[in-house]
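Participant: This is the content of run.txt (compact mmCIF, C-alpha atoms):
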```txt
# COMPACT_ATOMS: atom_id res chain seq x y z
CA MET C 825 98.63 140.75 112.04
CA PHE C 826 97.91 138.07 114.64
CA SER C 827 94.97 135.79 113.95
CA ARG C 828 93.85 132.90 116.12
CA THR C 829 93.58 129.44 114.68
CA ASN C 830 90.16 127.78 114.64
CA LEU C 831 91.20 125.74 117.69
CA GLY C 832 92.23 128.95 119.45
CA ARG C 833 88.85 130.50 118.65
CA LEU C 834 87.15 127.40 120.03
CA LEU C 835 89.10 127.71 123.31
CA THR C 836 88.11 131.36 123.87
CA ALA C 837 84.92 130.13 125.57
CA PHE C 838 86.89 127.92 127.96
CA PRO C 839 86.95 129.25 131.57
CA ALA C 840 90.74 129.26 131.90
CA GLY C 841 90.63 131.29 135.14
CA VAL C 842 88.31 128.81 136.86
CA PHE C 843 90.41 125.91 135.59
CA GLN C 844 93.76 127.34 136.72
CA LYS C 845 92.37 128.35 140.13
CA GLU C 846 91.23 124.80 140.76
CA VAL C 847 94.59 123.49 139.52
CA LYS C 848 96.26 125.67 142.15
CA ASP C 849 93.79 124.84 144.94
CA SER C 850 93.95 121.09 144.32
CA GLN C 851 97.72 121.18 143.66
CA ALA C 852 97.09 119.16 140.52
CA ASP C 853 100.38 120.32 138.94
CA ARG C 854 102.48 120.04 142.07
CA TYR C 855 104.73 117.32 140.67
CA ALA C 856 104.12 118.02 136.98
CA LYS C 857 107.27 118.75 134.98
CA ARG C 858 106.50 117.86 131.38
CA CYS C 859 102.69 117.69 131.28
CA THR C 860 100.59 120.33 133.02
CA SER C 861 96.82 120.06 133.44
CA ARG C 862 96.45 122.60 130.62
CA ASP C 863 98.61 120.44 128.33
CA LEU C 864 96.49 117.41 129.20
CA LEU C 865 93.26 119.32 128.58
CA VAL C 866 94.24 120.60 125.12
CA THR C 867 95.57 117.15 124.16
CA LEU C 868 92.32 115.44 125.17
CA LEU C 869 90.24 118.08 123.39
CA LEU C 870 92.24 117.48 120.23
CA GLY C 871 91.72 113.73 120.67
CA HIS C 872 87.95 114.20 120.82
CA LEU C 873 87.87 116.59 117.87
CA GLN C 874 90.11 114.41 115.68
CA GLN C 875 88.76 111.04 116.88
CA ALA C 876 92.13 109.66 118.01
CA SER C 877 91.93 105.87 118.00
CA SER C 878 94.63 105.12 120.57
CA LEU C 879 97.10 106.66 122.97
CA ARG C 880 99.80 106.44 120.30
CA SER C 881 97.71 108.31 117.72
CA LEU C 882 96.73 110.88 120.35
CA THR C 883 100.41 111.51 121.07
CA ALA C 884 101.17 111.87 117.36
CA MET C 885 98.32 114.37 116.92
CA SER C 886 99.54 116.43 119.85
CA GLN C 887 102.85 117.15 118.09
CA VAL C 888 101.04 119.81 116.07
CA ILE C 889 100.40 121.77 119.29
CA ASP C 890 104.09 122.74 119.49
CA GLU C 891 103.75 124.91 116.39
CA HIS C 892 101.06 126.95 118.18
CA GLN C 893 102.40 126.61 121.70
CA TYR C 894 102.36 130.34 122.52
CA HIS C 895 98.78 131.04 121.48
CA LEU C 896 97.28 127.80 122.83
CA ASN C 897 99.30 128.00 126.06
CA ALA C 898 99.98 124.28 125.75
CA ARG C 899 102.58 121.89 124.36
CA SER C 900 102.76 118.31 123.13
CA VAL C 901 103.19 115.45 125.57
CA PRO C 902 105.26 112.24 125.18
CA ARG C 903 103.28 109.00 125.26
CA SER C 904 104.64 107.68 128.59
CA THR C 905 104.10 111.05 130.27
CA LEU C 906 100.57 111.26 128.86
CA SER C 907 99.78 107.78 130.16
CA ASP C 908 100.99 108.71 133.65
CA ALA C 909 99.03 111.97 133.59
CA LEU C 910 95.78 110.18 132.65
CA ASN C 911 96.16 107.81 135.58
CA LYS C 912 97.34 110.28 138.22
CA ARG C 913 96.28 113.85 137.35
CA SER C 914 93.42 115.29 139.45
CA VAL C 915 89.97 115.29 137.86
CA SER C 916 88.87 118.26 139.96
CA PRO C 917 89.93 121.09 137.54
CA PHE C 918 88.18 119.36 134.64
CA ARG C 919 85.01 118.89 136.70
CA LYS C 920 85.04 122.51 137.92
CA ALA C 921 85.51 123.87 134.40
CA ALA C 922 82.69 121.66 133.06
CA GLU C 923 80.36 122.74 135.89
CA HIS C 924 81.13 126.42 135.20
CA MET C 925 80.29 125.99 131.52
CA LEU C 926 77.09 124.12 132.40
CA LYS C 927 76.09 127.07 134.60
CA CYS C 928 76.62 129.38 131.61
CA VAL C 929 74.16 127.29 129.58
CA ALA C 930 71.73 127.30 132.52
CA GLY C 931 72.06 131.09 132.79
CA GLN C 932 71.18 131.48 129.14
CA GLN C 933 68.26 129.12 129.70
CA ARG C 934 66.87 131.46 132.38
CA ARG C 935 67.26 134.48 130.08
CA GLN C 936 65.39 132.98 127.14
CA LEU C 937 61.90 134.24 126.43
CA GLY C 938 60.17 130.93 125.82
CA ARG C 939 59.25 128.14 128.16
CA MET C 940 62.12 126.67 130.19
CA VAL C 941 62.24 122.91 129.66
CA SER C 942 64.77 120.50 131.14
CA LEU C 943 64.86 116.88 129.95
CA ILE C 944 66.19 114.49 132.60
CA ASP C 945 67.73 111.10 131.90
CA SER C 946 70.94 109.11 132.24
CA THR C 947 73.13 106.96 130.03
CA SER C 948 75.45 104.11 130.95
CA ILE C 949 79.02 103.86 129.73
CA THR C 950 79.96 100.19 129.64
CA LEU C 951 83.44 99.45 131.01
CA ARG C 952 84.08 95.72 130.99
CA GLY C 953 87.21 93.65 130.51
CA PRO C 954 90.86 93.63 131.62
CA GLY C 955 91.81 96.92 133.23
CA PHE C 956 88.20 97.92 133.86
CA ASP C 957 87.05 94.93 135.92
CA GLU C 958 89.38 95.83 138.78
CA TRP C 959 87.23 98.83 139.74
CA THR C 960 83.86 98.28 138.01
CA LEU C 961 82.96 94.71 139.02
CA GLY C 962 81.93 95.76 142.53
CA ASN C 963 79.29 98.16 141.15
CA LYS C 964 77.95 96.17 138.22
CA THR C 965 74.23 95.60 137.69
CA ARG C 966 72.29 92.82 136.04
CA ILE C 967 72.51 94.67 132.72
CA THR C 968 75.91 96.35 132.61
CA GLN C 969 78.93 97.60 134.52
CA GLY C 970 80.86 100.85 134.37
CA LEU C 971 79.77 104.44 134.97
CA LYS C 972 76.53 106.36 134.55
CA VAL C 973 76.20 109.95 133.31
CA HIS C 974 73.17 111.71 134.80
CA THR C 975 72.09 114.65 132.64
CA GLY C 976 69.74 117.61 132.57
CA PHE C 977 69.30 118.85 129.00
CA ASP C 978 67.94 122.21 127.82
CA LEU C 979 65.50 121.58 124.98
CA ALA C 980 65.78 125.07 123.43
CA GLN C 981 69.61 125.29 123.33
CA GLN C 982 70.19 121.58 122.69
CA ALA C 983 72.88 121.56 125.37
CA PRO C 984 73.24 120.05 128.85
CA THR C 985 72.81 122.14 131.97
CA TYR C 986 73.59 119.42 134.51
CA ILE C 987 76.06 116.52 134.46
CA ASN C 988 76.97 114.10 137.24
CA ILE C 989 79.04 110.93 136.90
CA THR C 990 78.31 108.05 139.27
CA PRO C 991 78.83 104.26 139.40
CA VAL C 992 76.38 102.46 137.15
CA ASN C 993 74.45 100.96 140.08
CA VAL C 994 73.36 104.37 141.42
CA ASN C 995 69.63 104.74 140.82
CA ASP C 996 68.43 107.61 138.63
CA MET C 997 66.13 108.77 141.40
CA THR C 998 68.99 108.91 143.91
CA ASP C 999 70.83 111.43 141.75
CA ALA C 1000 67.67 113.40 140.92
CA LEU C 1001 67.08 114.07 144.63
CA ARG C 1002 70.43 115.89 144.73
CA MET C 1003 69.84 117.90 141.56
CA PRO C 1004 69.03 121.60 142.13
CA ILE C 1005 65.44 122.62 141.35
CA GLU C 1006 64.77 125.76 139.28
CA PRO C 1007 61.43 127.58 139.79
CA ASN C 1008 59.23 127.87 136.66
CA MET C 1009 61.20 125.07 135.00
CA THR C 1010 59.31 122.21 133.34
CA TYR C 1011 61.06 118.91 134.01
CA VAL C 1012 60.32 116.07 131.59
CA PHE C 1013 61.35 112.53 132.52
CA ASP C 1014 60.28 108.91 132.14
CA LYS C 1015 58.92 106.36 134.63
CA GLY C 1016 62.39 105.70 136.06
CA TYR C 1017 61.96 108.90 138.09
CA CYS C 1018 58.75 107.85 139.83
CA ASP C 1019 58.96 109.32 143.34
CA TYR C 1020 55.82 111.08 144.58
CA GLY C 1021 57.73 112.86 147.32
CA TRP C 1022 60.17 114.34 144.77
CA TRP C 1023 57.27 115.31 142.51
CA HIS C 1024 55.80 117.21 145.47
CA GLU C 1025 59.16 118.94 146.06
CA LEU C 1026 59.10 120.11 142.45
CA HIS C 1027 55.53 121.31 142.93
CA ILE C 1028 56.15 123.36 146.09
CA ALA C 1029 59.37 124.82 144.59
CA GLY C 1030 57.30 126.36 141.78
CA ALA C 1031 58.51 123.94 139.09
CA TYR C 1032 56.46 121.74 136.76
CA PHE C 1033 56.86 118.12 135.74
CA VAL C 1034 55.60 116.00 132.85
CA THR C 1035 56.04 112.23 133.06
CA ARG C 1036 54.30 108.93 132.47
CA LEU C 1037 51.96 107.48 135.05
CA LYS C 1038 52.56 103.91 136.19
CA ASN C 1039 49.79 101.40 135.56
CA ASN C 1040 49.44 100.55 139.26
CA ALA C 1041 49.25 104.18 140.44
CA ASN C 1042 46.37 104.79 142.85
CA VAL C 1043 44.57 107.91 141.56
CA GLN C 1044 41.05 109.17 142.10
CA LEU C 1045 39.20 111.21 139.49
CA SER C 1046 38.11 114.68 140.66
CA HIS C 1047 36.65 116.12 137.47
CA VAL C 1048 37.23 116.39 133.73
CA HIS C 1049 39.33 119.34 132.60
CA SER C 1050 37.44 121.89 130.54
CA HIS C 1051 39.99 122.19 127.72
CA PRO C 1052 38.51 121.22 124.30
CA LEU C 1053 39.88 118.00 122.82
CA SER C 1054 38.28 117.76 119.38
CA GLY C 1055 40.56 116.99 116.45
CA THR C 1056 43.61 116.06 118.55
CA SER C 1057 45.38 112.87 119.62
CA VAL C 1058 44.43 113.65 123.24
CA SER C 1059 41.46 111.48 124.23
CA ALA C 1060 41.11 112.57 127.88
CA ASP C 1061 42.17 115.50 130.07
CA GLU C 1062 41.26 114.95 133.73
CA ILE C 1063 41.99 116.37 137.18
CA VAL C 1064 42.90 113.60 139.63
CA GLN C 1065 44.30 113.14 143.13
CA PHE C 1066 46.68 110.51 144.39
CA GLY C 1067 45.36 107.94 146.83
CA ARG C 1068 46.72 107.02 150.24
CA ARG C 1069 49.66 105.05 148.86
CA GLN C 1070 50.96 108.23 147.29
CA ASN C 1071 50.16 110.49 150.28
CA ALA C 1072 53.60 112.15 149.90
CA PHE C 1073 51.93 114.45 147.36
CA GLN C 1074 49.68 115.59 150.24
CA GLY C 1075 46.40 115.63 148.32
CA ALA C 1076 47.38 118.29 145.77
CA PRO C 1077 45.44 117.88 142.49
CA VAL C 1078 47.32 116.85 139.36
CA ARG C 1079 46.42 116.44 135.75
CA ARG C 1080 46.10 113.13 133.89
CA ILE C 1081 46.28 113.31 130.10
CA THR C 1082 45.55 110.32 127.88
CA VAL C 1083 47.18 110.40 124.43
CA LYS C 1084 46.53 108.05 121.52
CA VAL C 1085 49.73 106.96 119.78
CA ASP C 1086 49.65 105.41 116.32
CA GLY C 1087 50.87 101.82 116.39
CA TRP C 1088 50.53 101.48 120.16
CA LYS C 1089 48.05 99.02 121.61
CA HIS C 1090 47.55 101.08 124.76
CA PRO C 1091 47.35 104.88 125.04
CA LEU C 1092 50.08 107.01 126.60
CA ILE C 1093 49.02 108.27 130.04
CA LEU C 1094 50.83 111.38 131.27
CA ILE C 1095 50.73 113.04 134.67
CA THR C 1096 51.63 116.70 135.31
CA ASN C 1097 51.11 119.52 137.79
CA ASP C 1098 50.78 122.06 134.94
CA MET C 1099 47.10 122.94 135.11
CA SER C 1100 46.98 125.65 132.44
CA SER C 1101 48.89 124.54 129.32
CA PRO C 1102 46.98 122.92 126.44
CA PRO C 1103 47.15 119.11 126.66
CA GLU C 1104 48.53 118.90 123.12
CA ASP C 1105 51.53 121.03 124.15
CA LEU C 1106 52.22 118.83 127.16
CA ALA C 1107 51.97 115.68 125.05
CA ASP C 1108 54.37 117.21 122.54
CA LEU C 1109 56.80 118.06 125.36
CA TYR C 1110 56.95 114.43 126.38
CA LYS C 1111 57.59 113.41 122.77
CA GLN C 1112 60.52 115.88 122.74
CA ARG C 1113 62.15 113.81 125.50
CA TRP C 1114 63.75 111.85 122.66
CA GLN C 1115 66.12 114.80 122.13
CA ILE C 1116 68.19 113.83 125.17
CA GLU C 1117 68.61 110.33 123.72
CA LEU C 1118 69.91 111.94 120.52
CA PHE C 1119 72.38 113.94 122.64
CA PHE C 1120 73.68 110.75 124.26
CA LYS C 1121 73.99 109.17 120.82
CA TRP C 1122 75.86 112.24 119.47
CA ILE C 1123 78.53 112.38 122.16
CA LYS C 1124 79.10 108.62 122.00
CA GLN C 1125 79.42 108.56 118.22
CA HIS C 1126 81.36 111.78 117.59
CA LEU C 1127 83.47 112.09 120.76
CA LYS C 1128 85.73 109.54 122.41
CA LEU C 1129 83.32 107.77 124.77
CA LYS C 1130 83.43 104.25 123.34
CA ARG C 1131 87.17 103.59 123.41
CA PHE C 1132 89.38 104.90 126.17
CA PHE C 1133 93.06 105.84 126.15
CA SER C 1134 93.65 104.29 129.59
CA PHE C 1135 91.71 101.90 131.82
CA SER C 1136 91.87 103.42 135.32
CA GLU C 1137 88.86 105.17 136.85
CA ASN C 1138 90.76 108.45 136.97
CA ALA C 1139 91.58 108.26 133.24
CA VAL C 1140 87.99 107.39 132.30
CA ARG C 1141 86.57 110.29 134.32
CA LEU C 1142 89.10 112.67 132.76
CA GLN C 1143 88.06 111.53 129.31
CA ILE C 1144 84.33 111.89 130.08
CA TYR C 1145 84.68 115.39 131.54
CA SER C 1146 86.89 116.46 128.64
CA ALA C 1147 84.20 115.15 126.26
CA VAL C 1148 81.58 117.27 128.05
CA ILE C 1149 83.88 120.31 127.80
CA THR C 1150 84.45 119.62 124.09
CA TYR C 1151 80.71 119.41 123.40
CA LEU C 1152 80.04 122.66 125.25
CA LEU C 1153 82.89 124.45 123.46
CA LEU C 1154 81.48 123.29 120.13
CA HIS C 1155 78.03 124.45 121.23
CA PHE C 1156 79.31 127.94 122.14
CA PHE C 1157 81.38 128.12 118.94
CA HIS C 1158 78.39 127.08 116.82
CA THR C 1159 76.06 129.58 118.56
CA ARG C 1160 78.41 132.56 118.42
CA SER C 1161 79.57 131.99 114.85
CA GLY C 1162 75.99 132.09 113.58
CA HIS C 1163 76.42 129.08 111.29
CA TRP C 1164 73.14 127.82 109.89
CA GLU C 1165 74.41 124.26 109.51
CA SER C 1166 74.16 121.64 112.23
CA MET C 1167 76.90 121.24 114.82
CA PHE C 1168 77.83 117.90 113.28
CA ASP C 1169 78.28 119.46 109.81
CA LEU C 1170 80.30 122.31 111.32
CA THR C 1171 82.53 119.85 113.19
CA CYS C 1172 83.11 117.81 110.04
CA ARG C 1173 83.98 120.92 108.05
CA LEU C 1174 86.48 122.09 110.66
CA SER C 1175 87.97 118.67 111.43
CA CYS C 1176 90.92 119.20 109.06
CA VAL C 1177 91.44 122.93 109.65
CA TRP C 1178 91.58 123.30 113.42
CA PHE C 1179 95.10 124.73 113.14
CA ASP C 1180 94.33 126.98 110.16
CA ARG C 1181 93.70 130.68 110.65
CA PRO C 1182 90.33 132.04 109.49
CA LEU C 1183 90.65 134.67 106.77
CA THR C 1184 90.45 138.29 107.93
CA ARG C 1185 89.25 141.04 105.57
CA ARG C 1186 92.84 142.10 104.91
CA ASN C 1187 93.91 138.53 104.19
CA GLN C 1188 90.86 138.02 101.98
CA ALA C 1189 91.81 141.11 99.94
CA LEU C 1190 95.40 139.89 99.59
CA GLU C 1191 94.23 136.44 98.58
CA ARG C 1192 91.84 137.95 96.02
CA LYS C 1193 94.69 140.00 94.49
CA SER C 1194 96.95 136.94 94.33
CA ILE C 1195 94.19 134.95 92.61
CA GLU C 1196 93.71 137.74 90.06
CA LYS C 1197 97.47 137.83 89.37
CA LEU C 1198 97.50 134.06 88.98
CA LYS C 1199 94.60 134.18 86.53
CA ALA C 1200 96.36 136.93 84.56
CA ALA C 1201 99.55 134.88 84.45
CA GLN C 1202 97.61 131.82 83.34
CA GLY C 1203 96.02 133.90 80.57
CA ILE C 1204 99.50 134.97 79.30
CA LEU C 1205 100.62 131.35 79.30
CA GLN C 1206 97.58 130.33 77.32
CA LEU C 1207 98.46 132.93 74.65
```
Can you dump the structure from the file as structure tokens?
Facilitator:
Amino acid sequence: MFSRTNLGRLLTAFPAGVFQKEVKDSQADRYAKRCTSRDLLVTLLLGHLQQASSLRSLTAMSQVIDEHQYHLNARSVPRSTLSDALNKRSVSPFRKAAEHMLKCVAGQQRRQLGRMVSLIDSTSITLRGPGFDEWTLGNKTRITQGLKVHTGFDLAQQAPTYINITPVNVNDMTDALRMPIEPNMTYVFDKGYCDYGWWHELHIAGAYFVTRLKNNANVQLSHVHSHPLSGTSVSADEIVQFGRRQNAFQGAPVRRITVKVDGWKHPLILITNDMSSPPEDLADLYKQRWQIELFFKWIKQHLKLKRFFSFSENAVRLQIYSAVITYLLLHFFHTRSGHWESMFDLTCRLSCVWFDRPLTRRNQALERKSIEKLKAAQGILQL
């Protein structure tokens, strides 16, 4: 009886049709003889899952693929061929597949019963030194150089719904203006996304926002909100309007919430267009913004986003998109398998058995019989 390996089960959630269609449309495999885009994808996924330390170790790991070539629809790749593929193979199929999977997460986000919350932030991937300087020096900032990954993160599913890769000098607000807006979504972001015109776009689109108010913001108090505040960390809940400097919001009232934070000299001042939710819930939503930072930390620590197999921009983008695909595949695998443990614990447990076949009921019965025979034989030997 045929049984998929754990890696094969992981790949069942991969949109192979979308990937292969884009390979055909972009002619990514036009000159490929030994390494197709599918071969490159499975090799990079294995590198992320097994934490390959170099191109040589990645090539050695990929030799195992040949034993499961038929079921994985992929084969191992020689080191020189893999190096050429990283530098020359089109990124478009990887990006299209990642975007399709992100839409699947976003679709599940819209179907969930609770409040839809999207955390917005970005993280920089530092690319500095020989090989990187040739194409990153022109876009470097005062702090770093390399690429920036702009992300929208679903709080309930703990998975991204939006990813865009830009040069590191692209402002967070520039990318946010291009991000699609979902009605009834609550967007949570920090002061780096301060644009009153964009806030108004969110408002008229039927979305909500929760963010921090800048100290120099010109606001005028309208009245105090009637929600009770006793026994909470919220010290003020007020209805305000922006002044003339922020006339892009066109005089619409907003809500200013002042929150006391232990250990902070000054209180946390939040601004939102959500006029009905309890202030404690809105303050807690902003505290949950830390979850997207934990996501950035996870993918950098447990996937290959600190050391790269090649130094060209094409190779780096391929490795980043393959890391996003790997995270989403692990997320789908973790959700569908119903494991109670964290995704990190599940990944650690499966790290050495990706090419093993999970036990079916028939195989479990056969294994149980063989164990009983072995115990019986061991009992005879003891006599």
Participant: Please report the interatomic distance between atom CA of C:Glu846 and atom CA of C:Ser861 in Å with one decimal.
Facilitator: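 Atom CA of C:Ser861 lies at a distance of 10.4 Å from atom CA of C:Glu846.
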Participant: Do a neighbour search on stretch 1109-1116 of chain C at 8 Å with only C-alpha atoms, toss out local chain neighbours closer than 3 positions, and write the hits as a short mmCIF file (atom, residue, chain, number, x, y, z; two decimals) with C-alpha atoms, in the coordinates of the input.
Facilitator:
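What landed in selection.cif:
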```
data_model
loop_
_atom_site.label_atom_id
_atom_site.label_comp_id
_atom_site.auth_asym_id
_atom_site.auth_seq_id
_atom_site.Cartn_x
_atom_site.Cartn_y
_atom_site.Cartn_z
CA LEU C 943 64.86 116.88 129.95
CA ILE C 944 66.19 114.49 132.60
CA ASP C 945 67.73 111.10 131.90
CA PHE C 977 69.30 118.85 129.00
CA LEU C 979 65.50 121.58 124.98
CA GLN C 982 70.19 121.58 122.69
CA VAL C 1012 60.32 116.07 131.59
CA PHE C 1013 61.35 112.53 132.52
CA VAL C 1034 55.60 116.00 132.85
CA THR C 1035 56.04 112.23 133.06
CA ASP C 1105 51.53 121.03 124.15
CA LEU C 1106 52.22 118.83 127.16
CA PHE C 1119 72.38 113.94 122.64
CA PHE C 1120 73.68 110.75 124.26
#
```
Participant: Would you pick out the contacts of C:Asn963 at 8 Å or less, using only C-alpha atoms, so that residues sharing its chain but fewer than 6 positions from it are not included, and give the list as number ranges by chain?
Facilitator: C: 969-970, 991-993
Participant: Figure out the distance between atom CA of C:Pro902 and atom CA of C:Tyr855, please, to one decimal in Å.
Facilitator: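 Distance between the two atoms: 16.3 Å.
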Participant: If I take atom CA of C:Gly931 and atom CA of C:Asn995, how far is one from the other in Å, to one decimal?
Facilitator: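 Straight-line distance from atom CA of C:Gly931 to atom CA of C:Asn995 works out to 27.7 Å.
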Participant: Write out as a ChimeraX atom specification each polymer residue whose atoms come within 8 Å of C:Lys1015, counting only C-alpha atoms; drop sequence neighbours fewer than 5 positions from it.
Facilitator: /C:1035-1038
Participant: Please provide the set of residues having any atom within 7 Å of C:Ser886, restricted to all atoms listed in the file, with same-chain residues fewer than 5 positions apart removed, written as JSON, numbers by chain.
Facilitator: {"C": [867, 900, 901]}
Participant: Under the rule that all atoms listed in the file are counted, which of C:Met940, C:Cys1018, C:Ala980, C:Leu1154 is the nearest residue to C:Glu1006?
Facilitator: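 Looking only at the distances to C:Glu1006, the closest residue turns out to be C:Met940.
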Participant: So which one's closest to C:Leu831, C:His974, C:Arg1002, C:Arg939, C:His895? Using all atoms listed in the file, please.
Facilitator: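 Among the listed residues, the smallest separation from C:Leu831 belongs to C:His895.
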Participant: Between C:Asn1042, C:Thr950, C:Thr965, C:Gln874, which one has atoms that come closest to C:Phe1132, using all atoms listed in the file?
Facilitator: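 Between C:Asn1042, C:Thr950, C:Thr965, C:Gln874, the residue approaching C:Phe1132 most closely is C:Thr950.
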Participant: Got a sec to check which residues sit within 12 Å of (77.3, 125.8, 134.7), counting all atoms listed in the file, and write them as JSON, numbers by chain?
Facilitator: {"C": [838, 839, 842, 919, 920, 921, 922, 923, 924, 925, 926, 927, 928, 929, 930, 931, 932, 933, 976, 983, 984, 985, 986, 987, 988, 1004, 1148, 1149, 1152]}
Participant: I'd like the neighbourhood of C:Phe1168 as a compact mmCIF listing (two decimals) with C-alpha atoms, in the coordinates of the input, where a residue qualifies if any of its atoms comes within 9 Å (using all atoms listed in the file), though same-chain residues fewer than 5 positions away should be ignored.
Facilitator:
```
# COMPACT_ATOMS: atom_id res chain seq x y z
CA TRP C 1122 75.86 112.24 119.47
CA HIS C 1126 81.36 111.78 117.59
CA ARG C 1173 83.98 120.92 108.05
```
Participant: Which is closest to C:Arg880 among C:Asn1039, C:Thr905, C:Thr860, C:Asn911, if we use all atoms listed in the file?
Facilitator: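 Smallest separation from C:Arg880 among the options: C:Thr905.
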Participant: From the block you just saw, export stretch 1095-1154 of chain C: C-alpha atoms, as a JSON list (two decimals), in the first residue's frame.
Facilitator:
```json
[["chain", "number", "residue", "atom", "x", "y", "z"],
["C", 1095, "ILE", "CA", -5.82, 56.55, 18.53],
["C", 1096, "THR", "CA", -8.56, 54.54, 16.78],
["C", 1097, "ASN", "CA", -11.71, 54.95, 14.70],
["C", 1098, "ASP", "CA", -13.40, 52.07, 16.56],
["C", 1099, "MET", "CA", -16.03, 53.88, 18.59],
["C", 1100, "SER", "CA", -17.80, 50.89, 20.15],
["C", 1101, "SER", "CA", -15.25, 48.38, 21.50],
["C", 1102, "PRO", "CA", -14.25, 48.54, 25.18],
["C", 1103, "PRO", "CA", -11.03, 50.53, 25.64],
["C", 1104, "GLU", "CA", -9.41, 47.62, 27.48],
["C", 1105, "ASP", "CA", -9.89, 45.40, 24.40],
["C", 1106, "LEU", "CA", -8.32, 48.01, 22.12],
["C", 1107, "ALA", "CA", -5.38, 48.45, 24.48],
["C", 1108, "ASP", "CA", -4.91, 44.68, 24.56],
["C", 1109, "LEU", "CA", -4.99, 44.58, 20.74],
["C", 1110, "TYR", "CA", -2.09, 46.99, 20.58],
["C", 1111, "LYS", "CA", -0.15, 44.88, 23.08],
["C", 1112, "GLN", "CA", -0.73, 41.88, 20.78],
["C", 1113, "ARG", "CA", 1.25, 43.70, 18.08],
["C", 1114, "TRP", "CA", 4.29, 41.99, 19.58],
["C", 1115, "GLN", "CA", 3.14, 38.75, 17.91],
["C", 1116, "ILE", "CA", 4.36, 39.93, 14.51],
["C", 1117, "GLU", "CA", 7.80, 40.57, 16.01],
["C", 1118, "LEU", "CA", 7.78, 36.98, 17.29],
["C", 1119, "PHE", "CA", 6.91, 35.83, 13.75],
["C", 1120, "PHE", "CA", 9.90, 37.71, 12.33],
["C", 1121, "LYS", "CA", 12.10, 36.19, 15.02],
["C", 1122, "TRP", "CA", 10.77, 32.67, 14.26],
["C", 1123, "ILE", "CA", 11.43, 32.71, 10.53],
["C", 1124, "LYS", "CA", 14.90, 34.20, 11.01],
["C", 1125, "GLN", "CA", 15.91, 31.68, 13.67],
["C", 1126, "HIS", "CA", 14.33, 28.50, 12.29],
["C", 1127, "LEU", "CA", 14.47, 29.08, 8.53],
["C", 1128, "LYS", "CA", 17.40, 30.09, 6.36],
["C", 1129, "LEU", "CA", 17.16, 33.89, 6.44],
["C", 1130, "LYS", "CA", 20.46, 34.74, 8.12],
["C", 1131, "ARG", "CA", 22.89, 32.92, 5.83],
["C", 1132, "PHE", "CA", 22.34, 32.67, 2.11],
["C", 1133, "PHE", "CA", 23.42, 30.01, -0.37],
["C", 1134, "SER", "CA", 24.29, 32.61, -3.03],
["C", 1135, "PHE", "CA", 24.84, 36.37, -3.03],
["C", 1136, "SER", "CA", 22.91, 37.68, -6.05],
["C", 1137, "GLU", "CA", 19.60, 39.52, -5.63],
["C", 1138, "ASN", "CA", 17.79, 36.79, -7.56],
["C", 1139, "ALA", "CA", 19.15, 34.08, -5.24],
["C", 1140, "VAL", "CA", 18.26, 36.04, -2.10],
["C", 1141, "ARG", "CA", 14.70, 36.66, -3.28],
["C", 1142, "LEU", "CA", 14.31, 32.97, -4.16],
["C", 1143, "GLN", "CA", 15.47, 32.01, -0.68],
["C", 1144, "ILE", "CA", 13.11, 34.50, 1.02],
["C", 1145, "TYR", "CA", 10.05, 33.41, -0.98],
["C", 1146, "SER", "CA", 10.89, 29.75, -0.39],
["C", 1147, "ALA", "CA", 11.13, 30.52, 3.35],
["C", 1148, "VAL", "CA", 7.65, 32.09, 3.24],
["C", 1149, "ILE", "CA", 6.32, 29.02, 1.39],
["C", 1150, "THR", "CA", 7.97, 26.72, 3.95],
["C", 1151, "TYR", "CA", 6.40, 28.59, 6.87],
["C", 1152, "LEU", "CA", 2.95, 28.48, 5.28],
["C", 1153, "LEU", "CA", 3.27, 24.77, 4.49],
["C", 1154, "LEU", "CA", 4.22, 24.11, 8.10]]
```
